[in-house]
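A.B. asks: Just dropping this structure here.
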Amino acid sequence: GLLWPDYATAPAKSYLRKALWQLQAALDEPAGQTPVLLVDAEWIRLNPAADLWLDVAVLEDALGQVRGVAGAALLPTAVERLQEAAACYTGDLLEGWYLDWCLYERERLQLLALTLLDKLMDFCEAQQRYDAGIGYGAHILRVDPASERTHRRLMRLYYLAGDRTAALRQFERCAAILARELDTEPDQTTRALYHDIRSNHGL
């Protein structure tokens with residue numbers, strides 16, 4: 001019913017059988033290997049004994065290891081795990097689906113990814129890896145273009161990297177996006193940073 005809501009039960013079950021056949025063919029294991037799918041009359045599930053990895057598990061495990069740890073204080077092993085997890089997040093869960101359970105899970109995973117990227121930005125600034133930090137900030141803005149905090153941190157990173165012009169342009173992008181999406185202006189902290197960079201006072 002979730003997958004084929006516009007069809008009656010009988011044709012929907014037929015489509016399900018066909019989809020399962022295609023999945024099993026695509027996941028066909030060599031003889032003697034543990035099957036990936038377990039299917040019976042009532043259930044379809046992934047085999048917990050199969051040799052699989054799950055991007056969501058990678059994301060959750062990586063963040064679980066650094067919960068309560070500031071990005072600037074991350075150990076190299078933790079940073080490596082966060083970087084691997086960041087690479088797993090390539091877009092929203094089941095984009096185009098609008099069922100309640102899907103919307104909730106999509107928002108939850110998006111928040112995890114943004115938290116992870118934010119920690120990596122912190123680490124990069126503390127380690128003076130400004131280009132990498134800018135990359136993580138750009139990733140955050142692809143997911144949440146109106147994140148004023150990220151715009152502000154990108155301004156800092158550009159300036160610290162020696163690119164004052166890019167820092168000032170980042171403020172202009174921030175102002176334009178906030179006006180368009182939220183009908184508001186950058187807050188006092190963001191404006192103060194802009195004026196410091198414009199005056200070249202240093203940070």
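Naming scheme: A, B, ... for chains in displayed order of the structure tokens; residues 1 onward per chain; ligands 1 onward as shown.
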Check chain A with DSSP on the backbone and list each residue it calls strand (DSSP E or B), as an MDAnalysis selection string.

C.D. replies: chainID A and resid 37:39 44:46

A.B. asks: Once DSSP has gone over the backbone, tell me which residues of stretch 40-169 of chain A are in alpha helix (DSSP H), as a count of residues only.

C.D. replies: 84

A.B. asks: With a cut-off of 12 Å, could you pull out the residues of stretch 46-102 of chain A touching stretch 131-143 of chain A and give me the nearest pair of atoms for each, distance in Å to one decimal, using only C-alpha atoms, ordered by chain and ascending number, as JSON lines?

C.D. replies:
```
{"residue": "A:Gly71", "atom": "CA", "partner": "A:Gly133", "partner_atom": "CA", "distance": 11.4}
{"residue": "A:Ala72", "atom": "CA", "partner": "A:Gly133", "partner_atom": "CA", "distance": 11.8}
{"residue": "A:Leu82", "atom": "CA", "partner": "A:Tyr136", "partner_atom": "CA", "distance": 11.4}
{"residue": "A:Gln83", "atom": "CA", "partner": "A:Tyr136", "partner_atom": "CA", "distance": 9.8}
{"residue": "A:Ala86", "atom": "CA", "partner": "A:Tyr136", "partner_atom": "CA", "distance": 8.9}
{"residue": "A:Ala87", "atom": "CA", "partner": "A:His139", "partner_atom": "CA", "distance": 10.5}
{"residue": "A:Tyr89", "atom": "CA", "partner": "A:His139", "partner_atom": "CA", "distance": 10.0}
{"residue": "A:Thr90", "atom": "CA", "partner": "A:His139", "partner_atom": "CA", "distance": 9.7}
{"residue": "A:Gly91", "atom": "CA", "partner": "A:Val143", "partner_atom": "CA", "distance": 8.1}
{"residue": "A:Asp92", "atom": "CA", "partner": "A:Val143", "partner_atom": "CA", "distance": 8.6}
```

A.B. asks: How about saving the chosen residues, C-alpha atoms kept, as a short mmCIF file (atom, residue, chain, number, x, y, z; two decimals), in the first residue's frame?

C.D. replies:
```cif
data_model
loop_
_atom_site.label_atom_id
_atom_site.label_comp_id
_atom_site.auth_asym_id
_atom_site.auth_seq_id
_atom_site.Cartn_x
_atom_site.Cartn_y
_atom_site.Cartn_z
CA GLY A 71 35.12 20.06 16.81
CA ALA A 72 38.36 21.80 17.71
CA LEU A 82 33.53 11.86 10.49
CA GLN A 83 35.02 12.42 7.03
CA ALA A 86 30.25 12.92 5.55
CA ALA A 87 31.03 11.22 2.25
CA TYR A 89 25.55 11.75 2.97
CA THR A 90 24.91 12.49 -0.69
CA GLY A 91 21.34 13.77 -0.46
CA ASP A 92 18.01 13.61 1.33
#
```

A.B. asks: Which one of A:Ala78, A:Ile44, A:Leu37, A:Ala161 sits closest to A:Leu120 if you count only C-alpha atoms?

C.D. replies: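 Distance minimum relative to A:Leu120 lands on A:Ala78.
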
A.B. asks: Could you list, as a PDB file with all heavy atoms, in the first residue's frame, every residue within 12 Å of A:Leu20, counting only C-alpha atoms and ignoring same-chain residues fewer than 3 positions away?

C.D. replies:
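This went into part.pdb:
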```
ATOM      1  N   LYS A  13       0.467  -6.479  -4.966  1.00  0.00           N
ATOM      2  CA  LYS A  13       1.254  -7.652  -4.570  1.00  0.00           C
ATOM      3  C   LYS A  13       2.038  -8.212  -5.746  1.00  0.00           C
ATOM      4  O   LYS A  13       3.167  -8.689  -5.593  1.00  0.00           O
ATOM      5  CB  LYS A  13       0.342  -8.720  -3.976  1.00  0.00           C
ATOM      6  CG  LYS A  13      -0.139  -8.401  -2.568  1.00  0.00           C
ATOM      7  CD  LYS A  13      -0.943  -9.550  -1.986  1.00  0.00           C
ATOM      8  CE  LYS A  13      -1.320  -9.267  -0.541  1.00  0.00           C
ATOM      9  NZ  LYS A  13      -2.112 -10.374   0.043  1.00  0.00           N
ATOM     10  N   SER A  14       1.438  -8.152  -6.924  1.00  0.00           N
ATOM     11  CA  SER A  14       2.135  -8.619  -8.120  1.00  0.00           C
ATOM     12  C   SER A  14       3.374  -7.764  -8.392  1.00  0.00           C
ATOM     13  O   SER A  14       4.455  -8.279  -8.703  1.00  0.00           O
ATOM     14  CB  SER A  14       1.185  -8.582  -9.322  1.00  0.00           C
ATOM     15  OG  SER A  14       1.873  -8.927 -10.511  1.00  0.00           O
ATOM     16  N   TYR A  15       3.217  -6.454  -8.277  1.00  0.00           N
ATOM     17  CA  TYR A  15       4.359  -5.555  -8.460  1.00  0.00           C
ATOM     18  C   TYR A  15       5.435  -5.818  -7.399  1.00  0.00           C
ATOM     19  O   TYR A  15       6.635  -5.749  -7.679  1.00  0.00           O
ATOM     20  CB  TYR A  15       3.911  -4.098  -8.406  1.00  0.00           C
ATOM     21  CG  TYR A  15       3.122  -3.641  -9.613  1.00  0.00           C
ATOM     22  CD1 TYR A  15       1.923  -2.955  -9.458  1.00  0.00           C
ATOM     23  CD2 TYR A  15       3.580  -3.901 -10.904  1.00  0.00           C
ATOM     24  CE1 TYR A  15       1.196  -2.532 -10.567  1.00  0.00           C
ATOM     25  CE2 TYR A  15       2.847  -3.483 -12.013  1.00  0.00           C
ATOM     26  CZ  TYR A  15       1.660  -2.808 -11.839  1.00  0.00           C
ATOM     27  OH  TYR A  15       0.948  -2.398 -12.943  1.00  0.00           O
ATOM     28  N   LEU A  16       4.989  -6.098  -6.172  1.00  0.00           N
ATOM     29  CA  LEU A  16       5.942  -6.391  -5.107  1.00  0.00           C
ATOM     30  C   LEU A  16       6.738  -7.653  -5.409  1.00  0.00           C
ATOM     31  O   LEU A  16       7.953  -7.696  -5.224  1.00  0.00           O
ATOM     32  CB  LEU A  16       5.212  -6.529  -3.773  1.00  0.00           C
ATOM     33  CG  LEU A  16       6.069  -6.876  -2.566  1.00  0.00           C
ATOM     34  CD1 LEU A  16       7.146  -5.810  -2.326  1.00  0.00           C
ATOM     35  CD2 LEU A  16       5.211  -7.043  -1.319  1.00  0.00           C
ATOM     36  N   ARG A  17       6.051  -8.694  -5.877  1.00  0.00           N
ATOM     37  CA  ARG A  17       6.754  -9.938  -6.220  1.00  0.00           C
ATOM     38  C   ARG A  17       7.785  -9.690  -7.316  1.00  0.00           C
ATOM     39  O   ARG A  17       8.905 -10.190  -7.261  1.00  0.00           O
ATOM     40  CB  ARG A  17       5.753 -11.006  -6.651  1.00  0.00           C
ATOM     41  CG  ARG A  17       4.987 -11.643  -5.501  1.00  0.00           C
ATOM     42  CD  ARG A  17       4.226 -12.885  -5.957  1.00  0.00           C
ATOM     43  NE  ARG A  17       3.160 -12.543  -6.900  1.00  0.00           N
ATOM     44  CZ  ARG A  17       1.923 -12.215  -6.543  1.00  0.00           C
ATOM     45  NH1 ARG A  17       1.597 -12.179  -5.246  1.00  0.00           N
ATOM     46  NH2 ARG A  17       1.007 -11.934  -7.438  1.00  0.00           N
ATOM     47  N   LEU A  23      15.234  -7.499  -7.184  1.00  0.00           N
ATOM     48  CA  LEU A  23      16.205  -7.260  -6.114  1.00  0.00           C
ATOM     49  C   LEU A  23      17.072  -8.487  -5.862  1.00  0.00           C
ATOM     50  O   LEU A  23      18.294  -8.394  -5.739  1.00  0.00           O
ATOM     51  CB  LEU A  23      15.483  -6.879  -4.821  1.00  0.00           C
ATOM     52  CG  LEU A  23      15.117  -5.417  -4.617  1.00  0.00           C
ATOM     53  CD1 LEU A  23      14.231  -5.270  -3.394  1.00  0.00           C
ATOM     54  CD2 LEU A  23      16.358  -4.562  -4.489  1.00  0.00           C
ATOM     55  N   GLN A  24      16.426  -9.639  -5.785  1.00  0.00           N
ATOM     56  CA  GLN A  24      17.185 -10.853  -5.515  1.00  0.00           C
ATOM     57  C   GLN A  24      18.135 -11.183  -6.657  1.00  0.00           C
ATOM     58  O   GLN A  24      19.239 -11.667  -6.437  1.00  0.00           O
ATOM     59  CB  GLN A  24      16.228 -12.013  -5.232  1.00  0.00           C
ATOM     60  CG  GLN A  24      15.561 -11.878  -3.876  1.00  0.00           C
ATOM     61  CD  GLN A  24      14.497 -12.928  -3.626  1.00  0.00           C
ATOM     62  OE1 GLN A  24      13.630 -13.148  -4.474  1.00  0.00           O
ATOM     63  NE2 GLN A  24      14.552 -13.561  -2.473  1.00  0.00           N
ATOM     64  N   ALA A  25      17.713 -10.866  -7.887  1.00  0.00           N
ATOM     65  CA  ALA A  25      18.601 -11.093  -9.033  1.00  0.00           C
ATOM     66  C   ALA A  25      19.801 -10.151  -8.970  1.00  0.00           C
ATOM     67  O   ALA A  25      20.938 -10.535  -9.232  1.00  0.00           O
ATOM     68  CB  ALA A  25      17.830 -10.896 -10.338  1.00  0.00           C
ATOM     69  N   ALA A  26      19.546  -8.890  -8.586  1.00  0.00           N
ATOM     70  CA  ALA A  26      20.637  -7.911  -8.505  1.00  0.00           C
ATOM     71  C   ALA A  26      21.591  -8.235  -7.361  1.00  0.00           C
ATOM     72  O   ALA A  26      22.789  -7.960  -7.446  1.00  0.00           O
ATOM     73  CB  ALA A  26      20.060  -6.509  -8.321  1.00  0.00           C
ATOM     74  N   LEU A  27      21.043  -8.819  -6.295  1.00  0.00           N
ATOM     75  CA  LEU A  27      21.852  -9.134  -5.121  1.00  0.00           C
ATOM     76  C   LEU A  27      22.255 -10.606  -5.077  1.00  0.00           C
ATOM     77  O   LEU A  27      22.695 -11.100  -4.048  1.00  0.00           O
ATOM     78  CB  LEU A  27      21.064  -8.807  -3.837  1.00  0.00           C
ATOM     79  CG  LEU A  27      20.651  -7.345  -3.656  1.00  0.00           C
ATOM     80  CD1 LEU A  27      19.693  -7.201  -2.473  1.00  0.00           C
ATOM     81  CD2 LEU A  27      21.862  -6.456  -3.465  1.00  0.00           C
ATOM     82  N   ASP A  28      22.130 -11.274  -6.209  1.00  0.00           N
ATOM     83  CA  ASP A  28      22.399 -12.712  -6.256  1.00  0.00           C
ATOM     84  C   ASP A  28      23.818 -13.003  -5.786  1.00  0.00           C
ATOM     85  O   ASP A  28      24.788 -12.455  -6.301  1.00  0.00           O
ATOM     86  CB  ASP A  28      22.199 -13.228  -7.687  1.00  0.00           C
ATOM     87  CG  ASP A  28      22.093 -14.742  -7.743  1.00  0.00           C
ATOM     88  OD1 ASP A  28      21.818 -15.335  -6.696  1.00  0.00           O
ATOM     89  OD2 ASP A  28      22.308 -15.313  -8.827  1.00  0.00           O
ATOM     90  N   VAL A  36      21.312 -11.953   1.056  1.00  0.00           N
ATOM     91  CA  VAL A  36      21.113 -10.593   1.557  1.00  0.00           C
ATOM     92  C   VAL A  36      19.678 -10.391   2.036  1.00  0.00           C
ATOM     93  O   VAL A  36      19.439  -9.767   3.067  1.00  0.00           O
ATOM     94  CB  VAL A  36      21.471  -9.558   0.469  1.00  0.00           C
ATOM     95  CG1 VAL A  36      21.124  -8.151   0.923  1.00  0.00           C
ATOM     96  CG2 VAL A  36      22.941  -9.661   0.111  1.00  0.00           C
ATOM     97  N   LEU A  37      18.710 -10.909   1.267  1.00  0.00           N
ATOM     98  CA  LEU A  37      17.298 -10.760   1.628  1.00  0.00           C
ATOM     99  C   LEU A  37      16.738 -12.056   2.191  1.00  0.00           C
ATOM    100  O   LEU A  37      17.031 -13.146   1.684  1.00  0.00           O
ATOM    101  CB  LEU A  37      16.469 -10.357   0.402  1.00  0.00           C
ATOM    102  CG  LEU A  37      16.657  -8.954  -0.151  1.00  0.00           C
ATOM    103  CD1 LEU A  37      15.781  -8.764  -1.379  1.00  0.00           C
ATOM    104  CD2 LEU A  37      16.338  -7.886   0.882  1.00  0.00           C
ATOM    105  N   LEU A  38      15.930 -11.921   3.235  1.00  0.00           N
ATOM    106  CA  LEU A  38      15.171 -13.047   3.767  1.00  0.00           C
ATOM    107  C   LEU A  38      13.697 -12.766   3.505  1.00  0.00           C
ATOM    108  O   LEU A  38      13.165 -11.735   3.935  1.00  0.00           O
ATOM    109  CB  LEU A  38      15.421 -13.208   5.264  1.00  0.00           C
ATOM    110  CG  LEU A  38      16.869 -13.506   5.681  1.00  0.00           C
ATOM    111  CD1 LEU A  38      16.980 -13.576   7.201  1.00  0.00           C
ATOM    112  CD2 LEU A  38      17.371 -14.797   5.044  1.00  0.00           C
ATOM    113  N   VAL A  39      13.036 -13.645   2.758  1.00  0.00           N
ATOM    114  CA  VAL A  39      11.655 -13.425   2.341  1.00  0.00           C
ATOM    115  C   VAL A  39      10.828 -14.636   2.724  1.00  0.00           C
ATOM    116  O   VAL A  39      11.206 -15.777   2.440  1.00  0.00           O
ATOM    117  CB  VAL A  39      11.566 -13.205   0.812  1.00  0.00           C
ATOM    118  CG1 VAL A  39      10.115 -12.954   0.400  1.00  0.00           C
ATOM    119  CG2 VAL A  39      12.458 -12.055   0.378  1.00  0.00           C
ATOM    120  N   ASP A  40       9.693 -14.384   3.399  1.00  0.00           N
ATOM    121  CA  ASP A  40       8.723 -15.456   3.605  1.00  0.00           C
ATOM    122  C   ASP A  40       7.328 -14.893   3.341  1.00  0.00           C
ATOM    123  O   ASP A  40       7.198 -13.796   2.800  1.00  0.00           O
ATOM    124  CB  ASP A  40       8.851 -16.081   5.003  1.00  0.00           C
ATOM    125  CG  ASP A  40       8.619 -15.072   6.123  1.00  0.00           C
ATOM    126  OD1 ASP A  40       7.817 -14.135   5.928  1.00  0.00           O
ATOM    127  OD2 ASP A  40       9.225 -15.228   7.202  1.00  0.00           O
ATOM    128  N   TRP A  43       7.030 -11.604   5.795  1.00  0.00           N
ATOM    129  CA  TRP A  43       8.079 -10.628   6.048  1.00  0.00           C
ATOM    130  C   TRP A  43       9.095 -10.565   4.912  1.00  0.00           C
ATOM    131  O   TRP A  43       9.365 -11.563   4.264  1.00  0.00           O
ATOM    132  CB  TRP A  43       8.845 -10.960   7.341  1.00  0.00           C
ATOM    133  CG  TRP A  43       8.023 -10.860   8.578  1.00  0.00           C
ATOM    134  CD1 TRP A  43       7.336 -11.871   9.206  1.00  0.00           C
ATOM    135  CD2 TRP A  43       7.764  -9.690   9.331  1.00  0.00           C
ATOM    136  NE1 TRP A  43       6.685 -11.399  10.293  1.00  0.00           N
ATOM    137  CE2 TRP A  43       6.927 -10.067  10.406  1.00  0.00           C
ATOM    138  CE3 TRP A  43       8.157  -8.358   9.210  1.00  0.00           C
ATOM    139  CZ2 TRP A  43       6.469  -9.137  11.352  1.00  0.00           C
ATOM    140  CZ3 TRP A  43       7.708  -7.460  10.163  1.00  0.00           C
ATOM    141  CH2 TRP A  43       6.874  -7.844  11.203  1.00  0.00           C
ATOM    142  N   ILE A  44       9.654  -9.366   4.738  1.00  0.00           N
ATOM    143  CA  ILE A  44      10.827  -9.163   3.891  1.00  0.00           C
ATOM    144  C   ILE A  44      11.815  -8.395   4.742  1.00  0.00           C
ATOM    145  O   ILE A  44      11.454  -7.348   5.310  1.00  0.00           O
ATOM    146  CB  ILE A  44      10.493  -8.314   2.641  1.00  0.00           C
ATOM    147  CG1 ILE A  44       9.353  -8.945   1.849  1.00  0.00           C
ATOM    148  CG2 ILE A  44      11.730  -8.119   1.771  1.00  0.00           C
ATOM    149  CD1 ILE A  44       8.664  -7.957   0.937  1.00  0.00           C
ATOM    150  N   ARG A  45      13.018  -8.907   4.880  1.00  0.00           N
ATOM    151  CA  ARG A  45      13.990  -8.190   5.700  1.00  0.00           C
ATOM    152  C   ARG A  45      15.400  -8.440   5.213  1.00  0.00           C
ATOM    153  O   ARG A  45      15.678  -9.419   4.499  1.00  0.00           O
ATOM    154  CB  ARG A  45      13.873  -8.597   7.161  1.00  0.00           C
ATOM    155  CG  ARG A  45      14.154 -10.052   7.446  1.00  0.00           C
ATOM    156  CD  ARG A  45      13.796 -10.398   8.892  1.00  0.00           C
ATOM    157  NE  ARG A  45      13.992 -11.798   9.160  1.00  0.00           N
ATOM    158  CZ  ARG A  45      14.893 -12.286  10.010  1.00  0.00           C
ATOM    159  NH1 ARG A  45      15.691 -11.458  10.674  1.00  0.00           N
ATOM    160  NH2 ARG A  45      15.009 -13.572  10.206  1.00  0.00           N
TER     161      ARG A  45
END
```

A.B. asks: Using atom CA of A:Tyr98 and atom CA of A:Glu148 as the two end points, give the distance in Å to one decimal.

C.D. replies: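 Between these atoms lies a distance of 27.0 Å.
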
A.B. asks: Would you mind reading off the distance between atom CA of A:Tyr104 and atom CA of A:Glu60, one decimal, in Å?

C.D. replies: 15.8 Å

A.B. asks: Taking only C-alpha atoms into account, name the residue in A:Asp61, A:Glu172, A:Glu105, A:Glu181 that is nearest to A:Arg152.

C.D. replies: A:Glu172

A.B. asks: May I have the residues within 9 Å of A:Leu160 as a PyMOL selection string, using only C-alpha atoms and disregarding those fewer than 5 positions away in the same chain?

C.D. replies: chain A and resi 125+128+130+155+202-203

A.B. asks: Put those residues in a file: C-alpha atoms, as a compact mmCIF listing (two decimals), in the first residue's frame.

C.D. replies:
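See part.txt below for the written result:
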```txt
# COMPACT_ATOMS: atom_id res chain seq x y z
CA GLU A 125 39.49 26.19 11.52
CA GLN A 128 44.19 26.11 9.98
CA TYR A 130 40.88 26.64 5.79
CA MET A 155 33.33 34.53 6.06
CA GLY A 202 41.69 41.17 11.69
CA LEU A 203 39.82 38.46 13.58
```

A.B. asks: Nearest residue to A:Leu75 out of A:Thr115, A:Gln127, A:Gln33, A:Asn200, using only C-alpha atoms?

C.D. replies: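 Nearest to A:Leu75: A:Gln127.
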
A.B. asks: How many Å lie between atom CA of A:Leu93 and atom CA of A:Leu52, rounded to one decimal?

C.D. replies: 18.8 Å

A.B. asks: Select, from A:His151, A:Asp51, A:Gly162, A:Leu103, the residue with the minimum atom-to-atom distance to A:Arg191, counting only C-alpha atoms.

C.D. replies: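 Of all the options, A:His151 lies closest to A:Arg191.
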